[in-house]
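Take a look at the structure set out below.
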Amino acid sequence: MRANPRVLAIVLAGGEGKRLMPLTRDRAKPAVPFGGTYRLIDFSLSNIINSGYLKVVVLTQYKSHSLDRHISKTWQMSNLLGNYVTPVPAQQRRGKNWYLGSADAIYQSLNVMDDERPDIVLVTGADNIYRMDFSQMVEQHIDSGFDLTVAGIRQPIELASSFGIIDTDKSNPRKVARFVEKPTDPTGLELPDAPDHVLASMGNYVFNTDALIESLLADADHDGSKHDMGGNIVPEFAANGNCGVYDFTYNEVPGAQERDRNYWRDVGTIDSFYDANLDLIAVSPVFNLYNSRWPLLTGYTGLPPAKFVYGHHERLGHALDSIVSPGVIVSGGEVIGSVISPGVRVNSWASVRESVIFDDCNIARNAHVERAILDKRVVVEEGAIVGVDKEHDRARGFHVSEGGITVVPKNARVTV
């Protein structure tokens with residue numbers, strides 16, 4: 001392989017995200033707002049760009065309009081230098097089916113590899129919260145001689161059924177002996193030095209291009225395949241002794257602090273999504289948004305600063321232990337322990353506590369929001385309460401998660 005290999009990054013962003021309903025009712029999961037000003041996909045794309053890989057395709061399918069719009073408006077690269085981040089929708093190039101799985105999505109988009117002719121293909125998911133320098137993984141991949149390298153992270157064994165699990169070779173900890181997708185019984189997959197943990201796939205892969213294409217072509221002809229990366233492609237490479245593992249704990253990101261080093265959060269459920277948002281707001285946050293040496297990039301520009309108005313002690317506009325985005329006005333209300341997105345209004349004597357509020361919501365006077373997620377443009381009417389009485393929330397048709405988080409869908413009105 002050449003000294004400076006050509007790398008093409010492919011981001012898998014076509015998933016439906018059923019477990020994040022109703023936040024994914026009108027949008028693809030990677031387009032779900034996060035942390036005030038970001039979309040979930042911004043974390044994967046920021047990692048790729050910061051790693052120095054500037055040719056990126058995003059494979060989209062499910063309700064992709066807002067995702068496509070976000071990418072086209074935000075992720076504009078230099079045409080002069082031939083760099084790009086571009087969405088590639090499902091096009092039925094290889095038959096009359098839409099994407100049948102993550103492997104089929106890449107198979108149906110083989111034309112992008114033919115156009116770019118990379119030596120290496122970096123494949124990532126689009127909806128996890130983390131920082132990672134992929135160039136270090138690519139370097140190990142080249143040195144290893146394997147055709148595939150999978151990124152792995154330690155997870156509690158009780159979560160094994162949610163991930164692809166990596167069983168490393170006893171004589172070579174950087175080689176995958178076995179890869180088991182979402183095992184119901186993880187017996188035998190425990191880590192030798194931590195029997196209560198397993199090594200889980202992060203959904204990030206580095207392939208030699210020729211080997212990836214050969215595997216995808218064979219998988220497409222296999223009628224019994226689910227055409228899934230973790231379910232079919234990776235286990236085959238592992239069974240053939242041609243799969244390495246990159247341990248995420250060795251990844252060194254510039255500017256990382258000890259507290260947020262190696263942070264990775266799968267936000268596949270409402271509760272994990274809520275928890276990941278609240279991870280951002282501590283004095284010393286579990287995940288630090290303010291690392292200027294590895295910036296998280298997104299597209300909010302031209303908005304006015306946040307404003308806090310009214311100074312009387314009974315009508316004090318204020319926020320504590322919270323993220324408050326540009327364009328927000330807290331007018332005589334309070335925000336505590338919450339993440340507030342652009343354009344939100346919190347009016348006099350209103351209270352928002354331990355909540356995640358998406359863009360352009362309006363919290364009217366004397367309203368109270370607690371342990372809730374409000375999707376875009378929700379109006380909480382004067383004196384209304386949401387998130388406090390979960391049975392009342394369910395009776396009004398709002399989703400309440402297993403962890404007791406009330407989710408109010410886009411454009412809804414919360415009445416008294």
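Lettering and numbering for the structure tokens are positional, with chains as A, B, ... in the shown order, residues counted from 1 in each chain, and ligands counted from 1 in the shown order.
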Selection near Phe237 in chain A, 10 Å with only C-alpha atoms, sequence-local residues under 4 positions removed, as a PyMOL selection string
chain A and resi 146-149+176-179+211-212+215+232-233+241-244
Contact residues around Asp42 in chain A with only C-alpha atoms at 10 Å, ignoring same-chain residues under 3 positions, as a list of chain:residue names:
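That gives A:Pro30, A:Ala31, A:Pro33, A:Phe34, A:Thr37, A:Tyr38, A:Arg39, A:Leu45, A:Ser46, A:Asn47, A:Ile48, A:His70, A:Ile71, A:Thr74, A:Trp75, A:Ala126, A:Asp127, A:Asn128, A:Ile129, A:Leu296, A:Leu297, A:Thr298, A:Gly299.
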Quick one: everything within 7 Å of Ala364 in chain A, counting only C-alpha atoms, minus sequence neighbours fewer than 5 positions away in the same chain. Send it as a count of residues only.
6
Given only C-alpha atoms as the counted atoms, nearest of A:Asp143, A:Asp26, A:Asp185, A:Glu391 to Lys410 in chain A
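Checking each of A:Asp143, A:Asp26, A:Asp185, A:Glu391 against Lys410 in chain A, counting only C-alpha atoms, the winner is A:Asp26.
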Shell of 10 Å around Tyr84 in chain A, only C-alpha atoms, local chain residues under 3 positions omitted, as a PyMOL selection string:
chain A and resi 53-57+75-79+81+87
